[in-house]
Amino acid sequence: MFMTFTILVIKVDPIQRSVSWRWENMVMVGVGSFFLSFLWRYAMARKLAGNKNMAEGKILKTTIIQRLMEDPKLFRPALIFLAVFVVAFPFIFSHYQINIMTTALIYVVLGLGLNIVVGLAGLLDLGYVAFYAVGAYSYALLNYHFGLNFWFALPIGAGLGCLFGILLGFPVLRLRGDYLAIVTLGFGEIIRLVMENWNEFSFGPSGIANIPRPDFFGHEFSLQNATIFTYFIMIGLALLTIFFVNRLQNSRIGRAWIALREDEIACQSMGIDKTKTKLTAFALGATWAGMVGVMFAAKTTFINPPSFTFMESAIILSIVVLGGAGSITGVILGALILSLAPEYLREVREFRMLAFGACMVLMMVFRPQGLITNVRRVYKFEKSPDSKKEQNL
């Protein structure tokens, strides 16, 4: 009540030269804080009890989505319903809603790409937006100077993103933790400042406009149809990303990333090439960012350096942390929440960032492992019935 007294209680009107005292606001703050403190203590007590039970092996925390995925009878109908909804979405909802969902899918792919670097390999990258910018500018400049269309620029953007990921990976091979984060943050700012000040190359702060949207074998669409076509391209890219990231996670290199994340020294002592493993993580993570950067430039038809600030990197990292580092389903859910929630809370624009921040704080306090935790694989040795018979004999 004391902290909010001067803001909520005292109202000064400089025009009328009057001061009004809104004592009812102070009462509301006091009553609200009183009951919320009990609710907070109850929630913290439940959290401590749950952690104690988990430590004793009594319960296993699972979310509704995890239970749904583990049950085939529920998972298949839910998957069919989701597929039908995704296909019918652009024909049911407005042009504005399709644009929002396309942006959300872009963040899904970006989150899955960063999940390789942060979630699997455990390398904190705060300059991930740099590879996003490389992909976007590669399409814009190739189209402006050479007339290259979207489909040719898409693999080139992915390749350039991979190349820049390797260039970033080499200087930071010996860095870990905060030092790695600072260097990657600097790399992201360098790319943005180069694009902003090198006018002859990137057109500086003015940006590049009139970037062509994706076509279909030379056939150009109207604005509405082009938006729908872009949406379906992003659906295809998202499914392709999920497939590859899932295969990588379960592959030999994916297990090497997880070993590197858990203990770098033990990983190296087991014969895993640390240099190759780190460079592969940076290169593959940057590949998806470069590819989606091309998609972003084609969707917006205009790019400039302010589109690739540090806040974009922070949002993508928040997607990975909120959804659950290492969890594909969690990253997808986190991307949808962080990209759609600000848009749909515009009606309460005075309080939307307050509500958004409060939800993030509650999430980090009560479920710091993320919405969907990546289940650690456990291998158990069980004797076969034949071996038991032999022992009895």
# chains A, B, ... in the order shown; residues from 1 in each chain; ligands from 1
>>> residues_around(residues="Gly119 (chain A)", least_positions_apart="2", cutoff="6 Å", atoms="only C-alpha atoms", output="short mmCIF file (atom, residue, chain, number, x, y, z; two decimals) with N, CA and C atoms, in the first residue's frame")
data_model
loop_
_atom_site.label_atom_id
_atom_site.label_comp_id
_atom_site.auth_asym_id
_atom_site.auth_seq_id
_atom_site.Cartn_x
_atom_site.Cartn_y
_atom_site.Cartn_z
N ASN A 115 16.41 -24.35 -30.20
CA ASN A 115 16.35 -25.47 -29.28
C ASN A 115 17.52 -26.44 -29.50
N ILE A 116 18.00 -26.53 -30.74
CA ILE A 116 19.18 -27.37 -31.01
C ILE A 116 20.39 -26.84 -30.26
N GLY A 122 23.14 -27.14 -25.03
CA GLY A 122 23.41 -26.37 -23.82
C GLY A 122 24.30 -25.16 -24.05
N ALA A 325 13.26 -26.59 -22.39
CA ALA A 325 14.47 -26.78 -23.19
C ALA A 325 14.64 -28.25 -23.54
N GLY A 326 14.82 -28.51 -24.84
CA GLY A 326 15.00 -29.88 -25.32
C GLY A 326 13.72 -30.57 -25.73
#
>>> residues_around(residues="region 270-283 of chain A", least_positions_apart="2", cutoff="7 Å", atoms="only C-alpha atoms", output="list in words")
Ile116, Val117, Ala121, Cys162, Leu163, Gly165, Ile166, Gly169, Leu173, Ala256, Trp257, Ala266, Cys267, Gln268, Gly285, Ala286 and Thr287 of chain A
>>> closest_residue(among="A:Leu114, A:Met195, A:Ile92, A:Leu126", to="Ser307 (chain A)", atoms="only C-alpha atoms")
A:Met195
>>> select_by_dssp(residues="region 179-310 of chain A", states="helix (DSSP H, G or I)", output="MDAnalysis selection string")
chainID A and resid 179:197 199:202 204:206 223:249 252:262 264:269 274:300 305:308 310
>>> closest_residue(among="A:Val320, A:Ala298, A:Leu148, A:Cys359", to="Arg213 (chain A)", atoms="only C-alpha atoms")
A:Ala298
>>> residues_around(residues="region 131-145 of chain A", least_positions_apart="4", cutoff="9 Å", atoms="only C-alpha atoms", output="JSON, numbers by chain")
{"A": [110, 127, 149, 150, 152, 153, 154, 156, 157, 158, 159, 160, 161, 162, 164, 165, 188, 191, 192, 195, 201, 202, 208, 209, 210, 211, 212, 286, 287, 288, 289, 290, 291, 292, 293, 294, 295, 296, 297, 298, 301, 302, 303, 304, 305, 307, 308]}
>>> write_last_selection(atoms="N, CA and C atoms", output="compact mmCIF listing (two decimals), in the first residue's frame")
# COMPACT_ATOMS: atom_id res chain seq x y z
N LEU A 110 11.77 -20.92 -35.60
CA LEU A 110 12.91 -20.27 -34.95
C LEU A 110 13.18 -20.89 -33.58
N GLY A 127 22.52 -14.22 -29.72
CA GLY A 127 22.58 -13.51 -30.99
C GLY A 127 21.97 -14.29 -32.12
N ASN A 149 14.17 -15.58 -57.50
CA ASN A 149 12.85 -15.72 -56.86
C ASN A 149 12.97 -16.46 -55.53
N PHE A 150 11.82 -16.60 -54.89
CA PHE A 150 11.77 -17.14 -53.52
C PHE A 150 12.33 -18.55 -53.44
N PHE A 152 14.50 -20.23 -55.22
CA PHE A 152 15.95 -20.35 -55.34
C PHE A 152 16.65 -19.74 -54.12
N ALA A 153 16.04 -18.69 -53.57
CA ALA A 153 16.66 -18.02 -52.43
C ALA A 153 16.51 -18.81 -51.14
N LEU A 154 15.50 -19.67 -51.05
CA LEU A 154 15.26 -20.41 -49.81
C LEU A 154 16.45 -21.30 -49.42
N ILE A 156 19.50 -21.02 -50.53
CA ILE A 156 20.67 -20.16 -50.40
C ILE A 156 20.68 -19.49 -49.02
N GLY A 157 19.51 -19.02 -48.58
CA GLY A 157 19.41 -18.43 -47.25
C GLY A 157 19.77 -19.42 -46.15
N ALA A 158 19.31 -20.67 -46.32
CA ALA A 158 19.66 -21.71 -45.34
C ALA A 158 21.15 -21.97 -45.35
N GLY A 159 21.76 -22.02 -46.54
CA GLY A 159 23.20 -22.26 -46.64
C GLY A 159 24.02 -21.13 -46.04
N LEU A 160 23.61 -19.88 -46.30
CA LEU A 160 24.32 -18.74 -45.72
C LEU A 160 24.18 -18.71 -44.20
N GLY A 161 22.98 -19.07 -43.70
CA GLY A 161 22.80 -19.16 -42.26
C GLY A 161 23.73 -20.21 -41.65
N CYS A 162 23.86 -21.36 -42.32
CA CYS A 162 24.77 -22.41 -41.86
C CYS A 162 26.21 -21.92 -41.85
N PHE A 164 27.34 -18.78 -41.62
CA PHE A 164 27.55 -17.81 -40.54
C PHE A 164 27.52 -18.50 -39.17
N GLY A 165 26.76 -19.59 -39.04
CA GLY A 165 26.78 -20.35 -37.79
C GLY A 165 28.14 -20.96 -37.52
N GLY A 188 25.38 -10.77 -32.73
CA GLY A 188 24.08 -10.33 -33.22
C GLY A 188 24.01 -8.83 -33.43
N ILE A 191 26.03 -7.77 -36.66
CA ILE A 191 25.28 -7.99 -37.90
C ILE A 191 24.24 -6.87 -38.10
N ARG A 192 23.54 -6.51 -37.04
CA ARG A 192 22.51 -5.48 -37.15
C ARG A 192 23.13 -4.12 -37.49
N MET A 195 24.28 -3.95 -41.13
CA MET A 195 23.14 -3.74 -42.02
C MET A 195 22.58 -2.31 -41.93
N PHE A 201 25.50 -1.44 -49.41
CA PHE A 201 25.22 -2.88 -49.48
C PHE A 201 23.78 -3.21 -49.10
N SER A 202 23.33 -2.70 -47.96
CA SER A 202 22.02 -3.11 -47.41
C SER A 202 20.98 -2.00 -47.41
N ILE A 208 14.79 -2.50 -47.39
CA ILE A 208 14.53 -2.95 -48.75
C ILE A 208 13.03 -3.26 -48.87
N ALA A 209 12.38 -2.62 -49.83
CA ALA A 209 10.94 -2.79 -50.01
C ALA A 209 10.65 -3.55 -51.29
N ASN A 210 9.37 -3.85 -51.50
CA ASN A 210 8.88 -4.53 -52.70
C ASN A 210 9.55 -5.89 -52.93
N ILE A 211 9.73 -6.62 -51.85
CA ILE A 211 10.27 -7.98 -51.96
C ILE A 211 9.14 -8.89 -52.43
N PRO A 212 9.33 -9.67 -53.47
CA PRO A 212 8.23 -10.49 -54.00
C PRO A 212 7.79 -11.57 -53.03
N ALA A 286 21.55 -22.46 -37.00
CA ALA A 286 21.53 -21.27 -37.85
C ALA A 286 20.89 -21.56 -39.20
N THR A 287 20.94 -22.81 -39.66
CA THR A 287 20.34 -23.16 -40.95
C THR A 287 18.85 -22.86 -40.96
N TRP A 288 18.16 -23.26 -39.90
CA TRP A 288 16.72 -23.03 -39.84
C TRP A 288 16.40 -21.55 -39.71
N ALA A 289 17.25 -20.81 -38.99
CA ALA A 289 17.03 -19.37 -38.87
C ALA A 289 17.19 -18.67 -40.22
N GLY A 290 18.20 -19.07 -41.00
CA GLY A 290 18.38 -18.49 -42.33
C GLY A 290 17.22 -18.80 -43.25
N MET A 291 16.71 -20.02 -43.17
CA MET A 291 15.58 -20.41 -44.02
C MET A 291 14.33 -19.62 -43.66
N VAL A 292 14.07 -19.47 -42.37
CA VAL A 292 12.88 -18.73 -41.95
C VAL A 292 13.05 -17.23 -42.21
N GLY A 293 14.31 -16.75 -42.20
CA GLY A 293 14.54 -15.35 -42.56
C GLY A 293 14.09 -15.05 -43.97
N VAL A 294 14.34 -15.97 -44.90
CA VAL A 294 13.85 -15.82 -46.27
C VAL A 294 12.33 -15.77 -46.27
N MET A 295 11.71 -16.63 -45.46
CA MET A 295 10.26 -16.66 -45.38
C MET A 295 9.70 -15.36 -44.80
N PHE A 296 10.39 -14.81 -43.82
CA PHE A 296 9.95 -13.56 -43.21
C PHE A 296 10.00 -12.41 -44.22
N ALA A 297 11.08 -12.34 -45.00
CA ALA A 297 11.20 -11.29 -46.01
C ALA A 297 10.11 -11.42 -47.06
N ALA A 298 9.79 -12.65 -47.46
CA ALA A 298 8.74 -12.86 -48.47
C ALA A 298 7.36 -12.54 -47.90
N THR A 301 7.39 -8.45 -47.24
CA THR A 301 7.79 -7.71 -48.45
C THR A 301 8.61 -6.47 -48.13
N PHE A 302 9.03 -6.31 -46.89
CA PHE A 302 9.89 -5.18 -46.51
C PHE A 302 10.68 -5.57 -45.27
N ILE A 303 11.98 -5.30 -45.30
CA ILE A 303 12.83 -5.56 -44.13
C ILE A 303 13.74 -4.36 -43.90
N ASN A 304 14.09 -4.13 -42.65
CA ASN A 304 15.08 -3.13 -42.27
C ASN A 304 15.73 -3.57 -40.97
N PRO A 305 16.86 -2.99 -40.58
CA PRO A 305 17.58 -3.46 -39.38
C PRO A 305 16.78 -3.49 -38.09
N SER A 307 14.07 -4.63 -37.52
CA SER A 307 13.31 -5.89 -37.42
C SER A 307 14.12 -6.99 -36.76
N PHE A 308 15.43 -6.76 -36.53
CA PHE A 308 16.31 -7.83 -36.04
C PHE A 308 17.12 -7.33 -34.85
>>> residues_around(residues="region 240-249 of chain A", least_positions_apart="3", cutoff="10 Å", atoms="only C-alpha atoms", output="PyMOL selection string")
chain A and resi 108-110+112-113+115-116+120+234-237+252-258+284-285+288+326-329+332
>>> residues_around(residues="Leu336 (chain A)", least_positions_apart="5", cutoff="8 Å", atoms="only C-alpha atoms", output="PyMOL selection string")
chain A and resi 104-105+107-108+341
>>> write_last_selection(atoms="N, CA and C atoms", output="PDB file, in the first residue's frame")
ATOM      1  N   ALA A 104       3.224 -16.815 -36.055  1.00  0.00           N
ATOM      2  CA  ALA A 104       3.412 -17.788 -34.987  1.00  0.00           C
ATOM      3  C   ALA A 104       4.192 -19.004 -35.488  1.00  0.00           C
ATOM      4  N   LEU A 105       3.910 -19.449 -36.707  1.00  0.00           N
ATOM      5  CA  LEU A 105       4.642 -20.586 -37.278  1.00  0.00           C
ATOM      6  C   LEU A 105       6.103 -20.230 -37.528  1.00  0.00           C
ATOM      7  N   TYR A 107       7.839 -18.245 -35.638  1.00  0.00           N
ATOM      8  CA  TYR A 107       8.464 -18.364 -34.315  1.00  0.00           C
ATOM      9  C   TYR A 107       8.590 -19.824 -33.882  1.00  0.00           C
ATOM     10  N   VAL A 108       7.688 -20.680 -34.332  1.00  0.00           N
ATOM     11  CA  VAL A 108       7.816 -22.112 -34.039  1.00  0.00           C
ATOM     12  C   VAL A 108       9.114 -22.662 -34.624  1.00  0.00           C
ATOM     13  N   ALA A 341      -0.362 -14.582 -27.732  1.00  0.00           N
ATOM     14  CA  ALA A 341      -0.907 -13.900 -26.554  1.00  0.00           C
ATOM     15  C   ALA A 341      -0.849 -12.370 -26.669  1.00  0.00           C
TER      16      ALA A 341
END
>>> atom_distance(atom1="CA of Val321 (chain A)", atom2="CA of Gly177 (chain A)")
15.6 Å
>>> atom_distance(atom1="CA of Ser206 (chain A)", atom2="CA of Pro306 (chain A)")
10.1 Å
